[in-house]
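Asker: What follows is a structure written as structure tokens; I'll ask about it next.
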Amino acid sequence: MTLPFTHVDWAAVAPLEVLAATGLLVLLFDLVWRPFAPRGLSLSVAFLGTILTAALIAQQYGTNVAAFNGGYIVGNFSVLFGEVVLLGTLGALALMGRGGSDRESAGTIALLLWSACGALLLAAAATTMTIFLGIELLSLALYCLCGLANRKSAREAALKYLLLSSTASAVLLFGMALLFGASGSVSLAALASPAMVTNPLFWMGSGFFLVGIAFKLSLVPFHAWAPDVYQGAPLPIAAFMTVVTKAATIAIFARFAYAALPAGASQMLLLPVWAIAGISMIVGNVGMLAQHDLKRLLGYSGIAQVGYILAALAGTTRLGLRYAFFYLVVYAVMNLGAFAVAAVLSSGDDEEGTQIQSYRGLGARRPLLAAAMTFFLLALAGLPPTAGFLGKILILAVAAGTGYLWLAALLLVGTAISLYAYAKIILAMYRPDHRVHAADIPRGAPLPWVSLALCLVATVALTFYPLLPSGLLPLVK
Amino acid sequence: MLLALVLLPIIAGSAMLLLRGEDRRLYRGIGVVVALATLVLAVAARSEDWSAPWLRAPFVANFHLGIGALAFWLIVLLALCTACAVLAVESARPRALVGQLLLLEGTMLGLFISRDLLLFALFYDLMLVPVFFVLLERGEHPRDAWRYIIYNFAGGLLLLFATAAFGVLHGTTDVIGSAGNAISGAWVPWIFWGFAIAFLVKTPAFPLHTWMPNTYASLPPPVAAVVGAVQSKAGLYGFFVIAMTLMPQEIARYSTALIVLGTISLLYGAVAALVQTDAKRVVAYSSLSHLGLIVIAIATQQPLALAGAALYIVAHGLFTAALFIGLGYVEEREETRSLARLRGIGANNPRLAGALTIAGLAMLGLPGLAGFVGELVIITGIVQSGNVAVAVVAVISVVLASAYVLRLFQGIVNGPVAHDLPVRRDLTWREGIAIAPLLLALLYLGVNPHAVLASGSVAIPRAPQSSAAGVTTP
């Protein structure tokens, strides 16, 4: 038996192979050298492998290869989204260096890397088959990772994520099956033919497909799982999920919305998505108001932020895609920065840095850390001089330019609400509070500090040197 | 040099926030030097123009800096107020306060020298942050910080949206201070109101003013001086350089609405100032009233009224800053600012009483001080524009101003000495120097208002240059 694939196909997925092999190496090294080198070694291998993968992906910039019969398309789109995925992975790995929990061992790191492989696959997937493969690869590892912490909420999170995410996958798969029935092909390109507009199977299939995607993106009304799961998951995993899962899912959604829909149907089919994106901006930001747990709060914030990103895609213009990508990058660094602050504050298993209560009086006790947290929170709210400000104005411009003024209006309302929620933490940090005893706060491990500093620099730099890639076009073959 | 002008106070302020130690003299000294350095830099860079590219799509935006005619006077006012405020800082933890004052100065300098709408919007939001932190750490109640940030951030968001829409419509946001960028079309009224509401929140004008009395009362006096004197002018400055030059048709179309809002602010502020028992709130409400007059002047679009508005913007800044600093001295000495308790400060503190009196008389509009010329020219302009009824209301408010100013000073300065309040020494040299430049500037502009009067008409291309000459007659 011979495989129908050539070396061109395998070369296209070389970065994935490297990343997957890195996971194996991490396990192997741990097996051999465990007594001598604890987690530091595993982390170093993982870092090197991820950076190598990022370099390999970067080399693919400017190329255009349709590998595996059009199932895996390498182009600027896949390269850029792939780099965001790896950025999120690096951020999550850095948080693993926070010390404390021994549970985050070599196996955890390997699972995280394999999960990132799934996300990379999604960034380039252009048939329903590869999309499903990527989603399952991404999710399967995460089911285990969510339940790692020794808490009741962790087991709850893992089970909830398993059940709800599987349901979403089932809905997605059903939609894919219907789409296959409509077009007779697993390729997304086949859906773009005008004949599809009159085919009821296509409409139903697309509907189910989009519901599945909305679930994975945690858009309202399919959002309830996200804050619970983030709360239960360990800190690095929650950071990984808020960035990587969202980036990968937005990549599939953008490919589907931009390239796989017949011209006559696209705006009508996508209108409900824009509507729930708008509702997500409000619900996510209102949901933040009542939170006492930072991971939950950032979970709700993520719901709203995805709404903003989708608002840029509304109208499916090329400019909109560039801004959506820009905001995605900005969201990734702001969010990873906030998680890094929490990681510096969390040394033990119980992750005290995720309790908003523990931020009380931080401004007096740890001024630098409090300033960094303030910075990231204000960035998430969209205040200058952070890239969150620029990202918002670009989204507003594109929404106004394509005529989606109601989305722009919802974005403004949502942002105003969000400031209140973020500023509540800032208030806790800076309001002189005599009830707080100056408890000893550990210095924090170096890796989260590095991640924090890099995110801070990136958030400012992106305001003044906005990276707006021009060749960003989702392709299907 | 323009870049240095913005970055100097911002870097100095941030550095100060990160330093340690609470040496009052040292930080005050650095703060004053930095503020005066910005003054020198602003004068030296007055005719400079600096630009660097920022965005190319969806609209062109540049980091474009330059000093306009009105902006120049606002910068002078800002640098002067900051220097005085820093000198007047009297706190056990002066380092952060001076740092925040410098940050506030830097961000507002950025606002006034922005030649690009997007950059303007950036600084418009950025200048909220230092005030928010001062309110959080030193305000009387967290609620004041909330009100301040939520109101102003909401206004900032509208500004942001209007900027984005303007950029998409016009193709570039690099438009401040250059002619020929007026836009028209079905969208323009929305854009106009986006800008206008943001500016009216900031000014503030009725009914968007409710954040203001709490904020001013809650802020430490030096910060209240800078915010009340200069930050409140950001909105009016926006009306001059954005609403008026970019959307002249809209401002003419909606002038009635603006005049009504301005008139309500004018009267409501004056009446509210009459019944306040907190001395700082009297000044806060009087500010609402006076700035309402400027909103009317802008809405009439009468060249004379605009020239008067430019002068009154500066004059109002001077006496508001002087009053807040002076009332800060009073509060520090008597440990209260309740008009029900304060009495007879003049007997033991003649220098403080004198300073307060000059500032108060400027607010009341005494001839010879800058406030008088401003009010007179504005009211003349309003009459010339045909809104005689509004002019009558304005005159009534001037009478009311005499009432609340006299009530304030009658209460604080004159009368028998209050024996239940502590008696402290009179103004020290430092405290005197912190308030004297503001009073001297009021006097100088009162007798020689031409310099500033002309700058109001330069900002509007439509107004003939001769309007400045016509001003000299009243």
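Following the order of the structure tokens, chains are lettered A, B, ..., residues in each are numbered from 1, and ligands are numbered from 1.
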With 10 Å as the cut-off and only C-alpha atoms counted, what is the closest atom pair between each nearby residue of chain B and chain A? Distances in Å to one decimal, ordered by chain and number, as a tab-separated table.
Answerer:
```
residue	atom	partner	partner_atom	distance
B:Leu17	CA	A:Pro367	CA	9.3
B:Leu18	CA	A:Leu368	CA	7.9
B:Pro53	CA	A:Phe464	CA	9.5
B:Trp54	CA	A:Phe464	CA	6.7
B:Leu55	CA	A:Pro466	CA	7.6
B:Arg56	CA	A:Leu468	CA	9.8
B:Ala57	CA	A:Leu319	CA	8.1
B:Pro58	CA	A:Ala397	CA	7.0
B:Phe59	CA	A:Ala397	CA	8.6
B:Phe63	CA	A:Phe464	CA	9.1
B:Leu118	CA	A:Ile393	CA	8.7
B:Leu119	CA	A:Pro384	CA	9.9
B:Ala121	CA	A:Pro384	CA	8.9
B:Leu122	CA	A:Pro384	CA	5.6
B:Phe123	CA	A:Pro384	CA	7.5
B:Tyr124	CA	A:Pro384	CA	9.0
B:Asp125	CA	A:Leu383	CA	6.4
B:Leu126	CA	A:Pro384	CA	5.5
B:Met127	CA	A:Pro384	CA	9.3
B:Leu128	CA	A:Leu383	CA	9.4
B:Val129	CA	A:Leu383	CA	8.7
B:Phe132	CA	A:Leu427	CA	9.9
B:Phe133	CA	A:Tyr430	CA	7.9
B:Val134	CA	A:Tyr430	CA	9.7
B:Leu135	CA	A:Arg431	CA	9.3
B:Leu136	CA	A:Arg431	CA	5.8
B:Glu137	CA	A:Arg431	CA	5.4
B:Arg138	CA	A:Arg431	CA	8.4
B:Gly139	CA	A:Arg431	CA	9.4
B:His141	CA	A:Arg431	CA	9.7
B:Pro142	CA	A:Leu427	CA	7.8
B:Ala145	CA	A:Leu427	CA	9.0
B:Trp146	CA	A:Tyr420	CA	7.7
B:Ile149	CA	A:Leu419	CA	8.6
B:Ile150	CA	A:Ala416	CA	7.0
B:Tyr151	CA	A:Ala416	CA	9.1
B:Asn152	CA	A:Ala416	CA	10.0
B:Phe153	CA	A:Ala416	CA	7.0
B:Ala154	CA	A:Ala416	CA	5.8
B:Gly155	CA	A:Ala416	CA	9.5
B:Gly156	CA	A:Leu383	CA	9.4
B:Leu157	CA	A:Leu412	CA	6.3
B:Leu158	CA	A:Leu412	CA	7.5
B:Leu160	CA	A:Ile393	CA	6.4
B:Phe161	CA	A:Leu396	CA	6.3
B:Ala162	CA	A:Leu396	CA	9.2
B:Thr163	CA	A:Ile393	CA	8.2
B:Ala164	CA	A:Ala397	CA	4.7
B:Ala165	CA	A:Ala397	CA	5.9
B:Phe166	CA	A:Ala397	CA	8.7
B:Gly167	CA	A:Ala397	CA	7.5
B:Val168	CA	A:Gly401	CA	6.2
B:Leu169	CA	A:Gly401	CA	8.0
```
Asker: Please save N, CA and C atoms of the selected residues as a compact mmCIF listing (two decimals), in the first residue's frame.
Answerer:
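Written output follows (part07.txt):
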```txt
# COMPACT_ATOMS: atom_id res chain seq x y z
N LEU B 17 6.95 58.34 40.02
CA LEU B 17 6.06 57.34 40.61
C LEU B 17 6.83 56.10 41.00
N LEU B 18 7.94 55.83 40.29
CA LEU B 18 8.68 54.61 40.56
C LEU B 18 9.76 54.80 41.62
N PRO B 53 4.61 59.05 10.48
CA PRO B 53 3.45 58.25 10.07
C PRO B 53 3.00 57.28 11.15
N TRP B 54 1.72 56.99 11.14
CA TRP B 54 1.16 56.07 12.13
C TRP B 54 0.36 54.98 11.40
N LEU B 55 -0.79 55.36 10.87
CA LEU B 55 -1.64 54.40 10.17
C LEU B 55 -1.77 54.81 8.71
N ARG B 56 -1.94 53.83 7.83
CA ARG B 56 -2.22 54.13 6.42
C ARG B 56 -3.63 53.69 6.05
N ALA B 57 -4.15 52.71 6.75
CA ALA B 57 -5.51 52.24 6.50
C ALA B 57 -6.14 51.97 7.85
N PRO B 58 -7.42 52.12 8.01
CA PRO B 58 -8.47 52.49 7.06
C PRO B 58 -8.48 53.99 6.77
N PHE B 59 -7.70 54.73 7.49
CA PHE B 59 -7.57 56.14 7.17
C PHE B 59 -6.15 56.55 7.52
N PHE B 63 1.45 60.88 13.66
CA PHE B 63 1.83 61.53 14.92
C PHE B 63 2.22 62.95 14.54
N LEU B 118 -6.81 61.34 15.76
CA LEU B 118 -6.62 60.09 16.48
C LEU B 118 -5.69 60.31 17.68
N LEU B 119 -4.67 61.10 17.45
CA LEU B 119 -3.75 61.42 18.54
C LEU B 119 -4.48 62.24 19.61
N ALA B 121 -7.63 62.00 20.29
CA ALA B 121 -8.48 61.06 21.02
C ALA B 121 -7.65 60.26 22.02
N LEU B 122 -6.43 59.91 21.61
CA LEU B 122 -5.56 59.14 22.50
C LEU B 122 -5.27 59.93 23.77
N PHE B 123 -4.89 61.17 23.60
CA PHE B 123 -4.57 61.98 24.79
C PHE B 123 -5.83 62.32 25.58
N TYR B 124 -6.94 62.44 24.88
CA TYR B 124 -8.20 62.78 25.54
C TYR B 124 -8.55 61.71 26.58
N ASP B 125 -8.30 60.44 26.23
CA ASP B 125 -8.55 59.37 27.19
C ASP B 125 -7.41 59.25 28.19
N LEU B 126 -6.21 59.46 27.70
CA LEU B 126 -5.05 59.25 28.55
C LEU B 126 -5.03 60.23 29.73
N MET B 127 -5.52 61.44 29.52
CA MET B 127 -5.42 62.41 30.60
C MET B 127 -6.39 62.12 31.74
N LEU B 128 -7.29 61.14 31.53
CA LEU B 128 -8.18 60.76 32.63
C LEU B 128 -7.43 59.94 33.67
N VAL B 129 -6.41 59.21 33.21
CA VAL B 129 -5.81 58.19 34.08
C VAL B 129 -5.16 58.80 35.33
N PHE B 132 -7.81 59.90 37.74
CA PHE B 132 -8.50 58.75 38.31
C PHE B 132 -7.70 58.18 39.49
N PHE B 133 -6.37 58.08 39.30
CA PHE B 133 -5.57 57.51 40.37
C PHE B 133 -5.47 58.43 41.57
N VAL B 134 -5.40 59.73 41.32
CA VAL B 134 -5.39 60.66 42.45
C VAL B 134 -6.70 60.53 43.23
N LEU B 135 -7.81 60.42 42.49
CA LEU B 135 -9.11 60.27 43.16
C LEU B 135 -9.17 58.97 43.95
N LEU B 136 -8.62 57.91 43.36
CA LEU B 136 -8.66 56.61 44.05
C LEU B 136 -7.87 56.67 45.35
N GLU B 137 -6.68 57.24 45.27
CA GLU B 137 -5.79 57.17 46.42
C GLU B 137 -6.05 58.26 47.44
N ARG B 138 -6.47 59.42 46.96
CA ARG B 138 -6.59 60.56 47.87
C ARG B 138 -7.96 61.18 47.89
N GLY B 139 -8.88 60.67 47.08
CA GLY B 139 -10.21 61.26 47.04
C GLY B 139 -10.95 61.02 48.34
N HIS B 141 -14.01 59.84 48.59
CA HIS B 141 -14.84 58.64 48.53
C HIS B 141 -14.59 57.97 47.19
N PRO B 142 -14.51 56.60 47.16
CA PRO B 142 -14.26 55.93 45.89
C PRO B 142 -15.30 56.29 44.83
N ALA B 145 -14.26 58.76 42.26
CA ALA B 145 -13.39 58.24 41.20
C ALA B 145 -14.23 57.55 40.13
N TRP B 146 -15.22 56.77 40.59
CA TRP B 146 -16.10 56.07 39.64
C TRP B 146 -16.78 57.05 38.72
N ILE B 149 -14.45 58.66 36.18
CA ILE B 149 -13.89 57.86 35.09
C ILE B 149 -15.01 57.36 34.17
N ILE B 150 -16.14 56.96 34.74
CA ILE B 150 -17.20 56.41 33.88
C ILE B 150 -17.75 57.50 32.96
N TYR B 151 -18.08 58.65 33.52
CA TYR B 151 -18.59 59.75 32.70
C TYR B 151 -17.62 60.10 31.59
N ASN B 152 -16.37 60.34 31.99
CA ASN B 152 -15.42 60.86 31.01
C ASN B 152 -14.97 59.79 30.03
N PHE B 153 -14.91 58.54 30.48
CA PHE B 153 -14.55 57.48 29.56
C PHE B 153 -15.66 57.27 28.54
N ALA B 154 -16.91 57.36 29.00
CA ALA B 154 -18.03 57.23 28.06
C ALA B 154 -17.94 58.35 27.02
N GLY B 155 -17.64 59.57 27.48
CA GLY B 155 -17.46 60.67 26.54
C GLY B 155 -16.30 60.38 25.59
N GLY B 156 -15.22 59.84 26.15
CA GLY B 156 -14.06 59.50 25.33
C GLY B 156 -14.38 58.45 24.28
N LEU B 157 -15.27 57.51 24.63
CA LEU B 157 -15.64 56.49 23.65
C LEU B 157 -16.42 57.10 22.49
N LEU B 158 -17.30 58.04 22.82
CA LEU B 158 -18.04 58.71 21.75
C LEU B 158 -17.07 59.45 20.84
N LEU B 160 -14.02 58.68 20.36
CA LEU B 160 -13.31 57.66 19.61
C LEU B 160 -14.12 57.24 18.38
N PHE B 161 -15.41 57.00 18.62
CA PHE B 161 -16.26 56.58 17.52
C PHE B 161 -16.38 57.67 16.47
N ALA B 162 -16.56 58.90 16.94
CA ALA B 162 -16.67 60.01 16.00
C ALA B 162 -15.38 60.15 15.20
N THR B 163 -14.24 59.94 15.86
CA THR B 163 -12.96 60.02 15.17
C THR B 163 -12.86 58.95 14.10
N ALA B 164 -13.24 57.71 14.48
CA ALA B 164 -13.18 56.62 13.51
C ALA B 164 -14.08 56.92 12.31
N ALA B 165 -15.30 57.39 12.60
CA ALA B 165 -16.23 57.67 11.51
C ALA B 165 -15.71 58.82 10.65
N PHE B 166 -15.15 59.82 11.30
CA PHE B 166 -14.58 60.93 10.55
C PHE B 166 -13.47 60.44 9.64
N GLY B 167 -12.60 59.60 10.18
CA GLY B 167 -11.49 59.08 9.39
C GLY B 167 -11.97 58.30 8.19
N VAL B 168 -12.97 57.44 8.41
CA VAL B 168 -13.48 56.64 7.29
C VAL B 168 -14.09 57.55 6.23
N LEU B 169 -14.79 58.56 6.68
CA LEU B 169 -15.49 59.45 5.75
C LEU B 169 -14.52 60.35 5.00
```
Asker: If you count only C-alpha atoms, which residues fall within 10 Å of Ala44 of chain B, apart from same-chain ones fewer than 5 positions away, as a PyMOL selection string?
Answerer: chain B and resi 1-2+38-39
Asker: I need the residues in segment 351-390 of chain B that are alpha helix (DSSP H) according to DSSP; give them as a PyMOL selection string.
Answerer: chain B and resi 351-364+370-384+388-390
Asker: Using only C-alpha atoms, which residues sit within 12 Å of Leu80 of chain B once same-chain residues fewer than 6 positions away are excluded, as a PyMOL selection string?
Answerer: chain B and resi 31-40+42+73-74+86-87+105+225-226+229-230+314+317-318+321-322+433-441
Asker: Would you put the residues from that selection into a file with N, CA, C and O atoms, as a compact mmCIF listing (two decimals), in the first residue's frame?
Answerer:
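What ended up in part-v3.txt:
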```txt
# COMPACT_ATOMS: atom_id res chain seq x y z
N GLY B 31 9.46 69.10 40.27
CA GLY B 31 8.20 69.35 39.58
C GLY B 31 8.14 70.75 39.00
O GLY B 31 7.76 70.94 37.84
N VAL B 32 8.53 71.73 39.80
CA VAL B 32 8.47 73.11 39.32
C VAL B 32 9.43 73.31 38.15
O VAL B 32 9.09 73.93 37.14
N VAL B 33 10.63 72.73 38.28
CA VAL B 33 11.62 72.88 37.19
C VAL B 33 11.07 72.27 35.90
O VAL B 33 11.15 72.87 34.83
N VAL B 34 10.48 71.08 36.02
CA VAL B 34 9.96 70.42 34.81
C VAL B 34 8.84 71.27 34.21
O VAL B 34 8.79 71.50 32.99
N ALA B 35 7.93 71.76 35.06
CA ALA B 35 6.80 72.54 34.54
C ALA B 35 7.30 73.82 33.86
O ALA B 35 6.81 74.19 32.78
N LEU B 36 8.29 74.47 34.47
CA LEU B 36 8.80 75.70 33.85
C LEU B 36 9.58 75.37 32.58
O LEU B 36 9.53 76.12 31.60
N ALA B 37 10.24 74.20 32.58
CA ALA B 37 10.97 73.79 31.37
C ALA B 37 10.00 73.60 30.21
O ALA B 37 10.29 73.97 29.07
N THR B 38 8.81 73.04 30.50
CA THR B 38 7.84 72.87 29.42
C THR B 38 7.39 74.23 28.91
O THR B 38 7.14 74.39 27.71
N LEU B 39 7.29 75.18 29.82
CA LEU B 39 6.91 76.53 29.39
C LEU B 39 7.94 77.10 28.41
O LEU B 39 7.60 77.60 27.34
N VAL B 40 9.21 76.95 28.78
CA VAL B 40 10.28 77.44 27.90
C VAL B 40 10.26 76.69 26.57
O VAL B 40 10.33 77.29 25.49
N ALA B 42 7.78 75.23 25.16
CA ALA B 42 6.61 75.59 24.36
C ALA B 42 6.85 76.91 23.64
O ALA B 42 6.49 77.06 22.46
N TRP B 73 -1.75 79.48 24.11
CA TRP B 73 -2.15 80.10 25.39
C TRP B 73 -2.60 79.07 26.41
O TRP B 73 -2.37 79.23 27.60
N LEU B 74 -3.24 78.01 25.91
CA LEU B 74 -3.64 76.95 26.84
C LEU B 74 -2.41 76.26 27.43
O LEU B 74 -2.40 75.88 28.59
N VAL B 86 2.23 72.41 41.74
CA VAL B 86 3.29 71.59 42.32
C VAL B 86 3.88 72.30 43.54
O VAL B 86 4.12 71.70 44.59
N LEU B 87 4.05 73.59 43.40
CA LEU B 87 4.62 74.36 44.50
C LEU B 87 3.68 74.37 45.70
O LEU B 87 4.11 74.46 46.85
N GLU B 105 0.05 66.95 33.30
CA GLU B 105 0.50 68.03 32.42
C GLU B 105 0.94 67.47 31.07
O GLU B 105 0.56 68.00 30.02
N ALA B 225 -6.95 72.28 41.05
CA ALA B 225 -6.61 73.51 40.34
C ALA B 225 -6.31 73.22 38.88
O ALA B 225 -6.83 73.89 37.98
N VAL B 226 -5.49 72.20 38.63
CA VAL B 226 -5.12 71.91 37.23
C VAL B 226 -6.32 71.35 36.46
O VAL B 226 -6.58 71.73 35.32
N ALA B 229 -8.92 74.15 36.04
CA ALA B 229 -8.47 75.27 35.22
C ALA B 229 -8.20 74.83 33.78
O ALA B 229 -8.57 75.53 32.85
N VAL B 230 -7.58 73.68 33.59
CA VAL B 230 -7.12 73.34 32.24
C VAL B 230 -7.83 72.14 31.64
O VAL B 230 -8.21 72.16 30.48
N VAL B 314 -8.71 81.43 29.07
CA VAL B 314 -7.46 81.60 29.82
C VAL B 314 -7.75 82.24 31.19
O VAL B 314 -7.25 81.78 32.22
N GLY B 317 -9.26 79.88 33.60
CA GLY B 317 -8.25 78.96 34.10
C GLY B 317 -7.44 79.60 35.21
O GLY B 317 -7.19 78.99 36.26
N LEU B 318 -7.05 80.85 35.00
CA LEU B 318 -6.20 81.51 36.00
C LEU B 318 -6.92 81.68 37.33
O LEU B 318 -6.41 81.31 38.39
N ALA B 321 -7.76 78.24 39.07
CA ALA B 321 -6.59 77.63 39.70
C ALA B 321 -6.23 78.39 40.97
O ALA B 321 -5.97 77.78 42.03
N ALA B 322 -6.24 79.74 40.90
CA ALA B 322 -5.89 80.52 42.08
C ALA B 322 -6.86 80.24 43.22
O ALA B 322 -6.46 80.11 44.38
N ILE B 433 4.30 82.38 46.64
CA ILE B 433 4.82 82.30 45.27
C ILE B 433 3.99 81.34 44.44
O ILE B 433 3.88 81.47 43.22
N ALA B 434 3.36 80.36 45.10
CA ALA B 434 2.55 79.40 44.35
C ALA B 434 1.27 80.01 43.82
O ALA B 434 0.65 79.47 42.91
N ILE B 435 0.84 81.12 44.38
CA ILE B 435 -0.43 81.69 43.93
C ILE B 435 -0.22 83.03 43.21
O ILE B 435 -1.03 83.42 42.35
N ALA B 436 0.90 83.71 43.51
CA ALA B 436 1.11 85.05 42.97
C ALA B 436 1.16 85.10 41.44
O ALA B 436 0.54 86.00 40.84
N PRO B 437 1.86 84.17 40.75
CA PRO B 437 1.93 84.29 39.29
C PRO B 437 0.56 84.27 38.64
O PRO B 437 0.31 84.98 37.66
N LEU B 438 -0.36 83.48 39.21
CA LEU B 438 -1.70 83.40 38.64
C LEU B 438 -2.40 84.75 38.77
O LEU B 438 -3.06 85.22 37.84
N LEU B 439 -2.25 85.40 39.95
CA LEU B 439 -2.90 86.68 40.17
C LEU B 439 -2.29 87.76 39.28
O LEU B 439 -3.01 88.59 38.70
N LEU B 440 -0.95 87.72 39.15
CA LEU B 440 -0.29 88.70 38.28
C LEU B 440 -0.74 88.54 36.84
O LEU B 440 -0.99 89.52 36.13
N ALA B 441 -0.87 87.28 36.41
CA ALA B 441 -1.31 87.03 35.04
C ALA B 441 -2.72 87.57 34.83
O ALA B 441 -3.04 88.11 33.77
```
Asker: Report, in Å to a single decimal, how far apart atom CA of Leu109 of chain B and atom CA of Leu78 of chain B are.
Answerer: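 These atoms are spaced 7.8 Å apart.
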Asker: For segment 385-391 of chain B, work out the shell of residues within 12 Å, counting only C-alpha atoms and skipping chain neighbours fewer than 2 positions away, then give it as a PyMOL selection string.
Answerer: chain B and resi 255-256+258-264+266-267+292-293+296-306+375-383+393-398
Asker: Need the shell around Ile412 of chain B: protein/DNA/RNA residues with any atom at most 10 Å away, counting only C-alpha atoms. Skip same-chain ones fewer than 3 positions apart. Format as a PyMOL selection string?
Answerer: chain B and resi 279+327+330+337-346+353+356+406-409+415+417-418
Asker: Skip Pro367 of chain B itself and residues of its chain fewer than 2 positions away, then list as a ChimeraX atom specification all residues within 12 Å of it, counting only C-alpha atoms.
Answerer: /B:358,361-365,369-376,442-443,445-447,474
Asker: Nearest residue to Cys455 of chain A out of A:Leu472, A:Leu24, A:Ala387, A:Ala125, using only C-alpha atoms?
Answerer: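 When distances to Cys455 of chain A are compared using only C-alpha atoms, the smallest one comes from A:Ala387.
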Asker: Neighbours of Gly175 of chain A within 7 Å (only C-alpha atoms; same-chain residues fewer than 5 positions away dropped), as a CSV table (one decimal) with C-alpha atoms, in the first residue's frame?
Answerer:
```
chain,number,residue,atom,x,y,z
A,205,GLY,CA,-25.5,22.3,7.5
A,206,SER,CA,-24.0,25.8,7.7
A,208,PHE,CA,-25.2,23.6,12.6
A,209,PHE,CA,-21.6,24.3,11.7
```
Asker: If you run DSSP on this backbone, which residues of segment 57-302 of chain A come out as strand (DSSP E), and could you give them as a PyMOL selection string?
Answerer: chain A and resi 65-67+72-74
Asker: Calculated over only C-alpha atoms, which of the candidates B:Val241, B:Val175, B:Leu427, B:Leu77 has the smallest distance to His64 of chain B?
Answerer: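 Of all the options, B:Val175 lies closest to His64 of chain B.
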Asker: Determine, using only C-alpha atoms, which residues of segment 153-259 of chain A have any atom at most 8 Å from an atom of segment 130-138 of chain A, and tabulate each with its shortest atom pair and distance in Å to one decimal place, rows ordered by chain and then rising number, as JSON lines.
Answerer:
```
{"residue": "A:Ser169", "atom": "CA", "partner": "A:Glu136", "partner_atom": "CA", "distance": 7.9}
{"residue": "A:Leu173", "atom": "CA", "partner": "A:Phe132", "partner_atom": "CA", "distance": 7.3}
{"residue": "A:Thr245", "atom": "CA", "partner": "A:Leu138", "partner_atom": "CA", "distance": 7.7}
{"residue": "A:Ile252", "atom": "CA", "partner": "A:Ile131", "partner_atom": "CA", "distance": 7.5}
```
Asker: Just all heavy atoms for this one: save the residues we selected as a PDB file, in the first residue's frame.
Answerer:
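For reference, result15.pdb as written:
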```pdb
ATOM      1  N   SER A 169     -18.928  19.509  19.513  1.00  0.00           N
ATOM      2  CA  SER A 169     -18.280  18.794  18.424  1.00  0.00           C
ATOM      3  C   SER A 169     -19.302  17.988  17.637  1.00  0.00           C
ATOM      4  O   SER A 169     -19.233  17.899  16.413  1.00  0.00           O
ATOM      5  CB  SER A 169     -17.203  17.864  18.969  1.00  0.00           C
ATOM      6  OG  SER A 169     -16.183  18.608  19.547  1.00  0.00           O
ATOM      7  N   LEU A 173     -20.053  18.325  13.831  1.00  0.00           N
ATOM      8  CA  LEU A 173     -19.899  17.175  12.941  1.00  0.00           C
ATOM      9  C   LEU A 173     -21.176  16.941  12.147  1.00  0.00           C
ATOM     10  O   LEU A 173     -21.130  16.641  10.952  1.00  0.00           O
ATOM     11  CB  LEU A 173     -19.552  15.947  13.783  1.00  0.00           C
ATOM     12  CG  LEU A 173     -19.034  14.729  13.027  1.00  0.00           C
ATOM     13  CD1 LEU A 173     -17.772  15.102  12.287  1.00  0.00           C
ATOM     14  CD2 LEU A 173     -18.753  13.603  13.993  1.00  0.00           C
ATOM     15  N   THR A 245      -7.241  28.603  21.977  1.00  0.00           N
ATOM     16  CA  THR A 245      -8.493  28.064  21.478  1.00  0.00           C
ATOM     17  C   THR A 245      -9.243  29.123  20.676  1.00  0.00           C
ATOM     18  O   THR A 245      -9.801  28.837  19.613  1.00  0.00           O
ATOM     19  CB  THR A 245      -9.379  27.597  22.653  1.00  0.00           C
ATOM     20  OG1 THR A 245      -8.562  26.864  23.539  1.00  0.00           O
ATOM     21  CG2 THR A 245     -10.504  26.748  22.180  1.00  0.00           C
ATOM     22  N   ILE A 252     -10.715  29.266  11.832  1.00  0.00           N
ATOM     23  CA  ILE A 252     -11.658  28.457  11.028  1.00  0.00           C
ATOM     24  C   ILE A 252     -12.860  29.307  10.650  1.00  0.00           C
ATOM     25  O   ILE A 252     -13.337  29.240   9.520  1.00  0.00           O
ATOM     26  CB  ILE A 252     -12.284  27.265  11.783  1.00  0.00           C
ATOM     27  CG1 ILE A 252     -11.351  26.684  12.792  1.00  0.00           C
ATOM     28  CG2 ILE A 252     -12.807  26.234  10.830  1.00  0.00           C
ATOM     29  CD1 ILE A 252     -12.084  25.689  13.656  1.00  0.00           C
TER      30      ILE A 252
END
```
